[in-house]
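To be precise, the following lines are entry03.cif, and they hold mmCIF, C-alpha atoms.
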data_coords
loop_
_atom_site.label_atom_id
_atom_site.label_comp_id
_atom_site.auth_asym_id
_atom_site.auth_seq_id
_atom_site.Cartn_x
_atom_site.Cartn_y
_atom_site.Cartn_z
CA MET A 23 -57.62 9.29 20.02
CA LYS A 24 -60.05 9.34 17.15
CA SER A 25 -59.65 12.04 14.55
CA ASP A 26 -62.34 13.24 12.24
CA LYS A 27 -59.81 14.48 9.69
CA PRO A 28 -59.97 12.78 6.29
CA ASP A 29 -57.01 10.51 5.47
CA GLY A 30 -55.64 12.94 2.89
CA ALA A 31 -55.64 15.75 5.43
CA LYS A 32 -53.84 13.51 7.93
CA THR A 33 -51.20 12.55 5.36
CA GLY A 34 -50.78 16.20 4.41
CA ALA A 35 -50.40 17.24 8.04
CA GLY A 36 -47.83 14.46 8.57
CA ALA A 37 -45.85 15.54 5.51
CA ASN A 38 -45.95 19.15 6.73
CA ALA A 39 -44.75 18.12 10.18
CA ASN A 40 -41.91 16.11 8.64
CA ARG A 41 -40.92 18.99 6.40
CA ARG A 42 -40.91 21.46 9.30
CA SER A 43 -38.95 18.97 11.40
CA ALA A 44 -36.38 18.51 8.61
CA LEU A 45 -36.15 22.27 8.14
CA PHE A 46 -35.47 22.65 11.84
CA LEU A 47 -32.57 20.20 11.55
CA VAL A 48 -31.13 21.96 8.49
CA ARG A 49 -31.31 25.35 10.21
CA PHE A 50 -29.78 23.85 13.36
CA VAL A 51 -26.80 22.37 11.49
CA VAL A 52 -26.23 25.55 9.45
CA LEU A 53 -26.30 27.66 12.62
CA LEU A 54 -23.83 25.29 14.29
CA VAL A 55 -21.39 25.69 11.40
CA VAL A 56 -21.78 29.48 11.51
CA PHE A 57 -21.28 29.56 15.29
CA TYR A 58 -18.24 27.32 14.95
CA ALA A 59 -16.73 29.62 12.32
CA ILE A 60 -17.23 32.56 14.68
CA VAL A 61 -15.88 31.07 17.91
CA ALA A 62 -13.01 29.22 16.23
CA SER A 63 -11.61 32.43 14.77
CA HIS A 64 -8.59 33.74 16.68
CA PRO A 65 -9.88 37.31 17.22
CA VAL A 66 -13.15 36.08 18.80
CA ASN A 67 -11.32 33.45 20.82
CA ASP A 68 -8.82 36.00 22.16
CA ALA A 69 -11.27 38.86 22.72
CA VAL A 70 -14.31 36.96 23.99
CA ILE A 71 -13.78 33.28 24.79
CA VAL A 72 -10.55 33.55 26.79
CA PRO A 73 -11.72 36.47 28.99
CA PHE A 74 -15.05 34.68 29.49
CA THR A 75 -13.21 31.51 30.51
CA SER A 76 -11.06 33.53 32.92
CA ALA A 77 -14.25 34.90 34.50
CA ILE A 78 -15.53 31.33 34.94
CA ALA A 79 -12.22 30.44 36.60
CA ARG A 80 -12.57 33.38 39.02
CA VAL A 81 -16.17 32.56 39.95
CA SER A 82 -15.30 28.86 40.38
CA ALA A 83 -12.33 29.78 42.55
CA GLY A 84 -14.61 31.97 44.68
CA ILE A 85 -16.96 29.03 45.23
CA LEU A 86 -14.06 26.68 45.97
CA ASN A 87 -12.70 29.13 48.54
CA LEU A 88 -16.13 29.29 50.15
CA LEU A 89 -16.02 25.49 50.34
CA GLY A 90 -12.73 25.66 52.21
CA GLU A 91 -10.29 24.94 49.38
CA LYS A 92 -7.50 27.46 49.37
CA VAL A 93 -7.18 28.23 45.68
CA THR A 94 -5.75 30.99 43.56
CA VAL A 95 -6.49 31.92 39.97
CA GLU A 96 -4.12 32.80 37.19
CA GLY A 97 -5.82 33.44 33.87
CA THR A 98 -7.91 30.36 33.21
CA GLU A 99 -6.04 28.20 35.73
CA ILE A 100 -7.22 27.36 39.23
CA ARG A 101 -4.51 26.18 41.63
CA SER A 102 -4.23 24.92 45.14
CA SER A 103 -1.32 23.30 46.92
CA ARG A 104 -2.76 19.87 46.03
CA PHE A 105 -4.21 20.24 42.53
CA ALA A 106 -4.35 22.58 39.56
CA VAL A 107 -6.73 22.68 36.63
CA ALA A 108 -6.81 24.82 33.50
CA ILE A 109 -10.24 25.58 32.07
CA GLU A 110 -9.98 25.27 28.32
CA ASN A 111 -12.34 25.47 25.37
CA GLY A 112 -14.74 22.60 25.80
CA CYS A 113 -14.81 23.09 29.57
CA ASN A 114 -16.29 26.59 29.65
CA GLY A 115 -19.87 25.68 28.76
CA VAL A 116 -19.64 27.68 25.54
CA GLU A 117 -20.06 24.64 23.29
CA THR A 118 -23.23 23.59 25.11
CA ALA A 119 -24.54 27.15 24.99
CA LEU A 120 -23.88 27.19 21.24
CA LEU A 121 -25.77 23.93 20.76
CA PHE A 122 -28.63 25.28 22.83
CA GLY A 123 -28.54 28.61 20.99
CA ALA A 124 -28.55 26.96 17.57
CA ALA A 125 -31.54 24.80 18.54
CA VAL A 126 -33.51 27.73 19.99
CA LEU A 127 -32.79 29.96 17.00
CA ALA A 128 -33.64 27.17 14.55
CA PHE A 129 -36.97 26.53 16.25
CA PRO A 130 -39.87 28.51 14.80
CA ALA A 131 -40.95 30.93 17.52
CA PRO A 132 -41.40 34.67 18.00
CA TRP A 133 -38.03 36.42 18.31
CA LYS A 134 -38.80 37.90 21.71
CA ARG A 135 -39.45 34.48 23.21
CA ARG A 136 -36.41 33.03 21.46
CA LEU A 137 -34.22 35.72 23.03
CA ILE A 138 -35.72 35.15 26.47
CA GLY A 139 -35.13 31.40 26.03
CA LEU A 140 -31.56 32.02 24.91
CA LEU A 141 -30.83 34.23 27.89
CA LEU A 142 -32.37 31.98 30.53
CA GLY A 143 -30.97 28.81 28.96
CA SER A 144 -27.47 30.21 28.70
CA VAL A 145 -27.53 31.29 32.34
CA ALA A 146 -28.77 27.83 33.38
CA ILE A 147 -26.05 26.14 31.31
CA GLN A 148 -23.37 28.30 32.90
CA LEU A 149 -24.67 27.50 36.38
CA ILE A 150 -24.51 23.77 35.55
CA ASN A 151 -21.02 24.30 34.16
CA LEU A 152 -19.93 26.00 37.38
CA VAL A 153 -21.06 22.91 39.28
CA ARG A 154 -19.01 20.87 36.81
CA VAL A 155 -15.82 22.93 37.22
CA VAL A 156 -16.08 23.03 41.02
CA SER A 157 -16.88 19.33 41.33
CA LEU A 158 -14.09 18.38 38.91
CA PHE A 159 -11.62 20.37 40.97
CA LEU A 160 -12.83 18.57 44.11
CA VAL A 161 -12.56 15.21 42.31
CA GLY A 162 -9.02 16.18 41.29
CA VAL A 163 -8.12 16.95 44.91
CA HIS A 164 -9.82 14.02 46.60
CA ARG A 165 -10.08 11.30 43.90
CA PRO A 166 -7.40 12.14 41.33
CA ALA A 167 -7.65 8.69 39.71
CA MET A 168 -11.24 9.48 38.71
CA PHE A 169 -10.46 12.90 37.26
CA GLY A 170 -9.82 11.77 33.65
CA THR A 171 -13.06 9.84 33.24
CA SER A 172 -15.10 12.43 35.14
CA HIS A 173 -13.70 15.23 33.04
CA THR A 174 -13.71 13.73 29.56
CA ILE A 175 -16.74 11.53 29.59
CA LEU A 176 -19.05 12.06 32.52
CA TRP A 177 -19.32 15.81 32.96
CA GLN A 178 -19.07 16.72 29.28
CA SER A 179 -21.98 14.40 28.54
CA ILE A 180 -24.00 15.62 31.52
CA VAL A 181 -23.64 19.31 30.63
CA VAL A 182 -24.56 18.68 26.99
CA LEU A 183 -27.48 16.47 28.03
CA CYS A 184 -28.72 19.24 30.32
CA GLY A 185 -28.44 21.69 27.42
CA VAL A 186 -30.52 19.41 25.18
CA LEU A 187 -33.13 18.86 27.90
CA LEU A 188 -33.33 22.61 28.52
CA PHE A 189 -34.02 23.10 24.83
CA LEU A 190 -36.73 20.42 24.87
CA VAL A 191 -38.37 22.03 27.90
CA TRP A 192 -38.28 25.43 26.20
CA ALA A 193 -39.55 23.98 22.89
CA ALA A 194 -42.40 22.20 24.68
CA ARG A 195 -43.47 25.39 26.46
CA GLU A 196 -43.09 27.40 23.28
CA THR A 197 -45.18 25.00 21.22
CA ARG A 198 -47.89 24.95 23.88
CA ALA A 199 -47.90 28.76 23.92
CA GLN A 200 -48.28 28.83 20.13
CA GLN A 201 -51.06 26.30 20.29
CA ARG A 202 -52.89 28.37 22.92
CA VAL A 203 -52.65 31.38 20.61
CA ALA A 204 -54.00 29.27 17.73
CA VAL A 205 -56.92 28.04 19.86
CA GLU A 206 -57.74 31.57 21.03
CA GLU A 207 -57.64 32.86 17.45
CA SER A 208 -59.81 29.96 16.35
CA ASP A 209 -62.29 30.63 19.18
CA ARG A 210 -62.42 34.35 18.34
CA GLY A 211 -63.04 33.49 14.68
CA ALA A 212 -65.87 31.12 15.61
CA SER A 213 -67.61 33.64 17.88
CA ARG A 214 -67.33 36.57 15.43
CA PRO A 215 -70.83 37.64 14.17
CA ARG A 216 -71.39 37.02 10.45
CA MET B 30 -65.33 18.44 12.47
CA ALA B 31 -62.47 19.19 14.86
CA ARG B 32 -61.39 22.77 15.14
CA PRO B 33 -57.85 23.31 13.78
CA GLY B 34 -56.59 24.76 17.05
CA ARG B 35 -57.80 21.79 19.10
CA ALA B 36 -56.36 19.29 16.58
CA GLU B 37 -52.94 21.02 16.74
CA ALA B 38 -53.03 20.96 20.56
CA ASP B 39 -53.55 17.19 20.52
CA THR B 40 -50.26 16.67 18.66
CA PHE B 41 -48.14 17.76 21.61
CA PRO B 42 -48.27 15.42 24.57
CA ILE B 43 -44.62 15.95 25.67
CA ARG B 44 -43.96 15.53 29.35
CA LEU B 45 -40.42 16.13 30.57
CA ASP B 46 -41.37 15.15 34.09
CA ALA B 47 -39.60 13.34 36.92
CA GLY B 48 -40.22 9.99 35.19
CA ALA B 49 -38.51 11.18 32.02
CA ALA B 50 -35.60 12.56 34.05
CA LEU B 51 -35.24 9.22 35.84
CA ARG B 52 -35.36 7.26 32.57
CA VAL B 53 -32.73 9.55 31.04
CA ALA B 54 -30.47 9.16 34.09
CA VAL B 55 -30.84 5.35 34.14
CA ALA B 56 -30.27 5.07 30.38
CA PHE B 57 -27.24 7.34 30.61
CA ALA B 58 -25.73 5.22 33.40
CA ALA B 59 -26.52 1.96 31.57
CA ALA B 60 -25.11 3.29 28.31
CA LEU B 61 -21.92 4.37 30.08
CA ALA B 62 -21.55 0.85 31.53
CA ILE B 63 -22.05 -0.66 28.06
CA TRP B 64 -19.68 1.91 26.60
CA PHE B 65 -16.96 1.05 29.13
CA ALA B 66 -17.46 -2.68 28.55
CA PHE B 67 -17.39 -2.60 24.76
CA SER B 68 -15.12 0.35 23.97
CA ALA B 69 -12.14 -1.81 23.04
CA PRO B 70 -13.89 -4.00 20.41
CA TYR B 71 -15.85 -1.00 19.17
CA GLU B 72 -12.61 0.92 18.59
CA LYS B 73 -11.27 -2.02 16.57
CA THR B 74 -14.25 -1.74 14.19
CA LEU B 75 -13.73 2.02 13.90
CA ALA B 76 -10.03 1.58 13.14
CA ALA B 77 -10.70 -1.10 10.52
CA ALA B 78 -13.42 0.91 8.77
CA ALA B 79 -11.48 4.20 8.84
CA GLU B 80 -8.38 2.43 7.50
CA LEU B 81 -10.47 1.09 4.62
CA VAL B 82 -11.84 4.55 3.83
CA ILE B 83 -8.45 6.25 4.02
CA ARG B 84 -6.89 3.62 1.75
CA VAL B 85 -9.56 4.29 -0.90
CA PHE B 86 -8.09 7.78 -1.28
CA GLU B 87 -4.38 6.93 -1.12
CA SER B 88 -2.15 5.12 -3.52
CA PRO B 89 -0.28 2.97 -2.73
CA ASP B 90 -2.10 1.78 0.42
CA ALA B 91 0.12 3.08 3.20
CA THR B 92 -2.06 3.70 6.25
CA SER B 93 -2.79 1.17 8.90
CA LEU B 94 -4.78 1.91 12.04
CA ALA B 95 -4.83 -0.19 15.20
CA ALA B 96 -6.91 0.25 18.34
CA ILE B 97 -4.54 -0.25 21.28
CA ASP B 98 -5.16 0.67 24.92
CA GLY B 99 -7.76 3.35 24.27
CA GLU B 100 -5.82 4.88 21.42
CA ILE B 101 -5.96 4.64 17.67
CA ARG B 102 -2.34 4.03 16.67
CA VAL B 103 -1.55 5.45 13.24
CA ASP B 104 1.10 3.77 11.14
CA ARG B 105 2.23 4.18 7.55
CA THR B 106 4.48 1.99 5.46
CA ASP B 107 6.56 5.07 4.60
CA PHE B 108 7.14 6.17 8.21
CA PRO B 109 10.79 5.75 9.27
CA PRO B 110 10.96 2.50 11.24
CA ASP B 111 12.36 4.15 14.37
CA SER B 112 10.00 7.16 14.49
CA ALA B 113 7.18 7.41 17.02
CA ARG B 114 3.70 6.50 15.81
CA PRO B 115 0.92 9.02 16.49
CA GLY B 116 -1.66 7.78 19.02
CA LEU B 117 -5.09 9.38 18.91
CA PRO B 118 -7.34 9.25 21.99
CA ALA B 119 -10.29 7.10 20.98
CA ALA B 120 -12.75 7.77 23.80
CA ASP B 121 -13.21 11.40 22.72
CA LEU B 122 -14.54 10.13 19.41
CA HIS B 123 -17.33 7.93 20.59
CA PHE B 124 -18.40 8.61 24.18
CA ASN B 125 -21.41 10.45 22.71
CA PHE B 126 -23.06 7.02 22.44
CA ALA B 127 -24.22 7.58 26.04
CA LEU B 128 -25.90 10.84 25.01
CA LEU B 129 -27.74 9.08 22.20
CA ALA B 130 -28.98 6.36 24.56
CA ALA B 131 -30.15 8.94 27.09
CA LEU B 132 -32.17 10.83 24.47
CA PHE B 133 -33.85 7.63 23.29
CA ALA B 134 -34.96 7.02 26.88
CA LEU B 135 -37.15 10.13 26.89
CA PRO B 136 -40.40 8.41 25.77
CA PRO B 137 -42.55 6.83 28.49
CA HIS B 138 -41.84 3.29 27.18
CA PRO B 139 -38.32 3.40 25.75
CA LEU B 140 -37.95 -0.38 25.48
CA ARG B 141 -40.86 -0.78 23.08
CA PRO B 142 -39.63 -2.49 19.90
CA ALA B 143 -40.27 0.51 17.65
CA ASN B 144 -38.23 2.86 19.84
CA PHE B 145 -35.56 0.25 20.43
CA GLY B 146 -35.29 -0.41 16.68
CA ARG B 147 -34.93 3.32 15.96
CA PHE B 148 -32.26 3.53 18.64
CA TRP B 149 -30.15 0.83 17.00
CA LEU B 150 -30.61 2.46 13.60
CA ALA B 151 -29.41 5.76 15.10
CA ALA B 152 -26.52 3.94 16.80
CA ALA B 153 -25.50 2.44 13.44
CA LEU B 154 -25.57 5.92 11.90
CA LEU B 155 -23.54 7.20 14.84
CA TRP B 156 -20.94 4.52 14.09
CA ILE B 157 -20.64 5.98 10.56
CA VAL B 158 -20.21 9.44 12.12
CA HIS B 159 -17.42 8.02 14.32
CA VAL B 160 -15.68 6.47 11.32
CA VAL B 161 -15.86 9.74 9.36
CA ALA B 162 -14.59 11.66 12.41
CA LEU B 163 -11.66 9.26 12.73
CA VAL B 164 -10.83 9.67 9.04
CA PHE B 165 -10.80 13.45 9.55
CA GLN B 166 -8.65 13.06 12.65
CA VAL B 167 -6.06 10.90 10.90
CA GLU B 168 -6.01 13.14 7.84
CA SER B 169 -5.63 16.22 10.05
CA VAL B 170 -2.61 14.56 11.67
CA TYR B 171 -1.16 13.86 8.23
CA ALA B 172 -1.93 17.39 7.05
CA THR B 173 -0.70 19.39 10.03
CA ARG B 174 1.52 17.41 12.37
CA LEU B 175 4.16 15.70 10.27
CA GLY B 176 6.34 18.71 9.50
CA PRO B 177 7.91 18.81 6.02
CA TRP B 178 6.04 15.63 5.04
CA SER B 179 2.71 17.42 5.70
CA ALA B 180 3.77 20.48 3.74
CA GLU B 181 4.88 18.32 0.83
CA HIS B 182 1.70 16.24 0.58
CA TYR B 183 -1.07 18.65 1.64
CA GLY B 184 -1.89 22.08 0.24
CA ALA B 185 -3.31 24.96 2.26
CA VAL B 186 -6.93 24.14 1.40
CA ALA B 187 -6.57 20.46 2.26
CA ARG B 188 -4.85 21.32 5.56
CA ASN B 189 -7.69 23.65 6.52
CA VAL B 190 -10.44 21.27 5.44
CA TRP B 191 -9.10 18.29 7.40
CA ALA B 192 -8.06 20.26 10.47
CA ALA B 193 -11.21 22.39 10.66
CA GLY B 194 -13.40 19.36 9.97
CA PHE B 195 -12.00 17.46 12.90
CA HIS B 196 -11.92 20.57 15.13
CA PHE B 197 -15.60 21.14 14.37
CA TYR B 198 -16.31 17.56 15.45
CA GLN B 199 -14.33 18.07 18.67
CA ILE B 200 -15.99 21.34 19.60
CA LEU B 201 -19.59 20.89 18.46
CA GLY B 202 -20.09 17.92 16.15
CA ARG B 203 -19.67 15.14 18.67
CA PHE B 204 -22.29 16.69 20.92
CA ALA B 205 -24.65 17.66 18.12
CA ALA B 206 -24.55 14.27 16.37
CA PRO B 207 -26.62 12.35 18.96
CA PHE B 208 -29.23 15.13 19.07
CA VAL B 209 -29.46 15.31 15.26
CA LEU B 210 -29.77 11.53 15.00
CA TRP B 211 -32.37 11.37 17.75
CA TRP B 212 -34.39 14.17 16.20
CA GLY B 213 -34.07 12.75 12.69
CA VAL B 214 -34.47 9.05 13.40
CA GLY B 215 -35.88 8.53 16.82
CA ARG B 216 -37.96 11.53 17.75
CA PRO B 217 -41.30 9.91 18.53
CA ALA B 218 -44.63 11.56 17.79
CA TRP B 219 -44.90 12.91 21.30
CA ALA B 220 -41.67 14.92 21.17
CA PRO B 221 -41.89 18.64 20.47
CA ALA B 222 -43.41 18.96 17.06
CA VAL B 223 -41.98 21.91 15.16
CA ALA B 224 -45.10 24.01 15.10
CA ARG B 225 -45.95 26.57 12.49
CA LYS B 226 -44.71 30.00 13.41
CA SER B 227 -47.39 31.85 15.29
CA ARG B 228 -48.51 35.14 13.78
CA ALA B 229 -48.94 36.57 17.25
CA THR B 230 -45.69 37.99 18.55
#
Render the structure in this file as structure tokens.
Amino acid sequence: MKSDKPDGAKTGAGANANRRSALFLVRFVVLLVVFYAIVASHPVNDAVIVPFTSAIARVSAGILNLLGEKVTVEGTEIRSSRFAVAIENGCNGVETALLFGAAVLAFPAPWKRRLIGLLLGSVAIQLINLVRVVSLFLVGVHRPAMFGTSHTILWQSIVVLCGVLLFLVWAARETRAQQRVAVEESDRGASRPR
Amino acid sequence: MARPGRAEADTFPIRLDAGAALRVAVAFAAALAIWFAFSAPYEKTLAAAAELVIRVFESPDATSLAAIDGEIRVDRTDFPPDSARPGLPAADLHFNFALLAALFALPPHPLRPANFGRFWLAAALLWIVHVVALVFQVESVYATRLGPWSAEHYGAVARNVWAAGFHFYQILGRFAAPFVLWWGVGRPAWAPAVARKSRAT
């Protein structure tokens, strides 16, 4: 596409884009470290993460029972007569939600839309994580030899990849929304009587 | 002259459509196959590099690392000969290669030389991340898991730095690294540009 911007303007715009992109990365990494410091602390882990993980275990057990597996839950552990699995940190979707949250918060956007993105994204990540927990339990029951690889490599990567893609979808929509606002403001400015 | 709004709009041709999803899925599967095939030799390079780095900071050189059966076996010249050697699971360190490959498959033509070149640059940087993570893992073992020996050789600050550093990698770092590298090295022009904050809220 041909641009009628002078070369200097193009270079300036490119430098600005690079600076904003680098700033996004810096904010993202700083937020990750802050989030890590919060969730790794014992009080937060005991008061928030463990109860949340127990809730995931209960919901997953409910789904597994609907699917015909006769399971019981004890804390963060799901058991049946054939297999048992304990949901631990790293398997509760929290780490993916933190990555997603850090990216959304680091991205320049109005706060209201960031919060909506955070909420919807976190719900989506937890739904994907439920699929992960339920399917891993079923793999453990029916294909126990595949459990290790499915658990450590496959599903962890898939959930994180989904989190990243959700962020990219949100960021794309957000940027388009901002650009629409910019176009409307530009159009209003052009049509204003002098 | 182009209006500023229109020019900004032209900078954002991202399409996370079915084609992108398919490319990501195929790249992820292919990267996993490559990862399974080359994990063993890759772990040998990680062990050799991490051993080199650790030995820079210790005197006399005592640490030796060996990649054996999916583990990084840690040995020291001052370990008692009959004591067990710590074995660290290696796959956890570097399976994020598949994530990196999947992200680089997002553009419509991922195999174009420019994108492919950026991918290998990011992969090389990811290798450095893996080496650093392994150094932290070994040092965290030294600092926290060897009983009186740990207490004698590592202070409270060092224990926390090594252990928290590796824990951060386990919880968030290993998943964030591919995204950071993709965004920093490989994000092509069509990916979401970080737009200026809109004044309209």
Contacts of Gly202 (chain B) at 9 Å (all atoms listed in the file; same-chain gap of 6+ positions) as a list in words: Leu54 of chain A; Phe195 and His196 of chain B
Do a neighbour search on Phe105 (chain A) at 8 Å with all atoms listed in the file, toss out local chain neighbours closer than 6 positions, and write the hits as number ranges by chain. A: 159, 162-163
Expected answer as a count of residues only: chain A residues within 9 Å of chain B, only C-alpha atoms: 57
Please, what distance in Å, to one decimal, runs between CA of Trp191 (chain B) and CA of Gly99 (chain B)?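 Atom-to-atom, CA of Trp191 (chain B) to CA of Gly99 (chain B), that is 22.6 Å.
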To test your reading of the syntax: which residues would the PyMOL selection byres ((chain A and resi 114) around 12) return for the file shown? Reply as number ranges by chain. A: 70-79, 81-82, 98, 108-113, 115-120, 144, 147-156, 177-178, 181-182; B: 200
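Relative to CA of Gly170 (chain A), CA of Leu158 (chain A) is found at 9.5 Å.
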Counting only C-alpha atoms, the option among A:Leu188, A:Leu160, A:Leu45, A:Ala199 closest to Val93 (chain A): A:Leu160
Can you translate the PyMOL selection byres ((chain B and resi 170) around 10) into the concrete residues it hits in this file, as a list of chain:residue names? B:Val103, B:Pro115, B:Leu117, B:Val164, B:Phe165, B:Gln166, B:Val167, B:Glu168, B:Ser169, B:Tyr171, B:Ala172, B:Thr173, B:Arg174, B:Leu175, B:Ser179, B:Arg188, B:Trp191, B:Ala192, B:Phe195
Atoms kept (C-alpha atoms) for selection, written as a tab-separated table (two decimals), in the frame of the given file:
chain	number	residue	atom	x	y	z
B	103	VAL	CA	-1.55	5.45	13.24
B	115	PRO	CA	0.92	9.02	16.49
B	117	LEU	CA	-5.09	9.38	18.91
B	164	VAL	CA	-10.83	9.67	9.04
B	165	PHE	CA	-10.80	13.45	9.55
B	166	GLN	CA	-8.65	13.06	12.65
B	167	VAL	CA	-6.06	10.90	10.90
B	168	GLU	CA	-6.01	13.14	7.84
B	169	SER	CA	-5.63	16.22	10.05
B	171	TYR	CA	-1.16	13.86	8.23
B	172	ALA	CA	-1.93	17.39	7.05
B	173	THR	CA	-0.70	19.39	10.03
B	174	ARG	CA	1.52	17.41	12.37
B	175	LEU	CA	4.16	15.70	10.27
B	179	SER	CA	2.71	17.42	5.70
B	188	ARG	CA	-4.85	21.32	5.56
B	191	TRP	CA	-9.10	18.29	7.40
B	192	ALA	CA	-8.06	20.26	10.47
B	195	PHE	CA	-12.00	17.46	12.90
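Between CA of Arg104 (chain A) and CA of Phe169 (chain A) the separation is 13.6 Å.
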For Gly146 (chain B), which of B:Phe86, B:Phe133, B:Tyr183, B:Tyr71 is the closest residue, counting only C-alpha atoms?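 For Gly146 (chain B), the nearest of the candidates is B:Phe133.
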Selected by the PyMOL selection byres ((chain B and resi 139-144) around 12) in the shown coordinates: which residues, as JSON, numbers by chain? {"B": [48, 49, 52, 53, 55, 56, 130, 131, 132, 133, 134, 135, 136, 137, 138, 145, 146, 147, 148, 149, 150, 151, 211, 214, 215, 216, 217, 218]}
Residues within 7 Å of Phe189 (chain A), only C-alpha atoms, excluding chain neighbours under 6 positions, as a list in words: Phe122, Ala125 and Val126 of chain A
Could those selected residues go to a file with C-alpha atoms, as a PDB file, in the frame of the given file?
ATOM      1  CA  PHE A 122     -28.630  25.280  22.830  1.00  0.00           C
ATOM      2  CA  ALA A 125     -31.540  24.800  18.540  1.00  0.00           C
ATOM      3  CA  VAL A 126     -33.510  27.730  19.990  1.00  0.00           C
TER       4      VAL A 126
END
